[in-house]
Amino acid sequence: MGLTLFPGDGDTSSPDVAWSCSGFAAFRRQLARAEGFTLSEMRGFGGERPWSDVSTSLEPLLDRPDDGGGELSPIECAALLPRLEGIVEQWPNEADVPRAHIDAAQQLTVVLRLCVAKDVDLLFL
């Protein structure tokens with residue numbers, strides 16, 4: 001079982017990005033590290049730290065179940081896109097970031113840009 005993120009534009013040829021559930025969890029842990037916190041410390045991920053304690057535009061992507069479902073609005077996509085693009089630029093210079101995470105983040109930025117351009121939700125399936 002896995003997770004696919006794709007634009008809700010009804011076009012099956014639109015780009016998407018896919019992970020196994022564990023792969024998506026690992027990707028989000030890496031994003032949280034880039035934002036200066038540990039995901040496992042957060043409520044909903046085994047910890048007690050409330051999300052109000054952290055400041056990140058990536059929260060809508062980070063604070064969700066590993067097994068998919070739901071969506072992000074075009075406004076949410078637009079809000080998290082600049083930070084994700086900054087991380088994409090930074091990660092290739094960091095030795096502890098797996099190439100798979102870099103590739104996935106790059107692909108996710110493509111998908112998010114399309115959601116914003118077409119004014120459609122990002123769907124999680």
# chains A, B, ... in the order shown; residues from 1 in each chain; ligands from 1
call {"tool": "select_by_dssp", "arguments": {"residues": "chain A", "states": "helix (DSSP H, G or I)", "output": "number ranges by chain"}}
result
A: 21-34, 39-41, 51-53, 59-62, 74-93, 99-118
call {"tool": "residues_around", "arguments": {"residues": "A:Leu125", "least_positions_apart": "3", "cutoff": "10 Å", "atoms": "only C-alpha atoms", "output": "number ranges by chain"}}
result
A: 2-6, 18, 67-71, 122
call {"tool": "select_by_dssp", "arguments": {"residues": "stretch 14-105 of chain A", "states": "strand (DSSP E)", "output": "ChimeraX atom specification"}}
result
/A:17-20,71-72
call {"tool": "write_last_selection", "arguments": {"atoms": "N, CA, C and O atoms", "output": "short mmCIF file (atom, residue, chain, number, x, y, z; two decimals), in the first residue's frame"}}
result
data_model
loop_
_atom_site.label_atom_id
_atom_site.label_comp_id
_atom_site.auth_asym_id
_atom_site.auth_seq_id
_atom_site.Cartn_x
_atom_site.Cartn_y
_atom_site.Cartn_z
N VAL A 17 3.20 12.41 -7.40
CA VAL A 17 4.34 11.93 -6.62
C VAL A 17 3.81 10.85 -5.68
O VAL A 17 2.72 10.98 -5.12
N ALA A 18 4.55 9.74 -5.60
CA ALA A 18 4.06 8.60 -4.84
C ALA A 18 5.14 8.06 -3.90
O ALA A 18 6.33 8.14 -4.20
N TRP A 19 4.69 7.54 -2.78
CA TRP A 19 5.55 6.92 -1.78
C TRP A 19 4.86 5.67 -1.25
O TRP A 19 3.63 5.57 -1.31
N SER A 20 5.61 4.80 -0.62
CA SER A 20 5.02 3.81 0.28
C SER A 20 4.61 4.61 1.52
O SER A 20 5.07 5.74 1.73
N GLU A 71 -7.09 16.33 1.29
CA GLU A 71 -6.60 17.23 0.26
C GLU A 71 -6.02 18.48 0.90
O GLU A 71 -6.22 18.75 2.07
N LEU A 72 -5.28 19.21 0.08
CA LEU A 72 -4.83 20.56 0.43
C LEU A 72 -5.41 21.49 -0.62
O LEU A 72 -5.40 21.19 -1.82
#
call {"tool": "residues_around", "arguments": {"residues": "stretch 49-52 of chain A", "least_positions_apart": "2", "cutoff": "12 Å", "atoms": "only C-alpha atoms", "output": "ChimeraX atom specification"}}
result
/A:32,37-47,54-60,62-64
call {"tool": "closest_residue", "arguments": {"among": "A:Gly86, A:Gly36, A:Pro92, A:Pro74", "to": "A:Asp121", "atoms": "only C-alpha atoms"}}
result
A:Pro74
call {"tool": "residues_around", "arguments": {"residues": "A:Pro7", "least_positions_apart": "5", "cutoff": "9 Å", "atoms": "only C-alpha atoms", "output": "VMD selection string"}}
result
chain A and resid 14 to 16 111 to 112 114 to 115 118 120 to 123
call {"tool": "residues_around", "arguments": {"residues": "A:Pro98", "least_positions_apart": "5", "cutoff": "10 Å", "atoms": "only C-alpha atoms", "output": "list in words"}}
result
Phe27, Gln30, Trp91, Pro92 and Asp103 of chain A
call {"tool": "write_last_selection", "arguments": {"atoms": "N, CA and C atoms", "output": "mmCIF file, in the first residue's frame"}}
result
data_model
loop_
_atom_site.group_PDB
_atom_site.id
_atom_site.type_symbol
_atom_site.label_atom_id
_atom_site.label_comp_id
_atom_site.auth_asym_id
_atom_site.auth_seq_id
_atom_site.Cartn_x
_atom_site.Cartn_y
_atom_site.Cartn_z
ATOM 1 N N PHE A 27 9.936 10.751 4.601
ATOM 2 C CA PHE A 27 10.043 12.028 3.901
ATOM 3 C C PHE A 27 9.602 13.175 4.818
ATOM 4 N N GLN A 30 12.125 13.939 7.491
ATOM 5 C CA GLN A 30 13.229 14.726 6.946
ATOM 6 C C GLN A 30 12.822 16.195 6.787
ATOM 7 N N TRP A 91 18.726 20.773 0.223
ATOM 8 C CA TRP A 91 18.988 19.358 0.476
ATOM 9 C C TRP A 91 20.144 18.747 -0.308
ATOM 10 N N PRO A 92 20.363 19.073 -1.572
ATOM 11 C CA PRO A 92 21.490 18.435 -2.267
ATOM 12 C C PRO A 92 22.849 18.718 -1.624
ATOM 13 N N ASP A 103 14.541 13.812 -4.720
ATOM 14 C CA ASP A 103 13.743 13.608 -5.933
ATOM 15 C C ASP A 103 12.254 13.799 -5.659
#
call {"tool": "closest_residue", "arguments": {"among": "A:Arg99, A:Arg33, A:Arg28, A:Arg113", "to": "A:Cys77", "atoms": "only C-alpha atoms"}}
result
A:Arg113
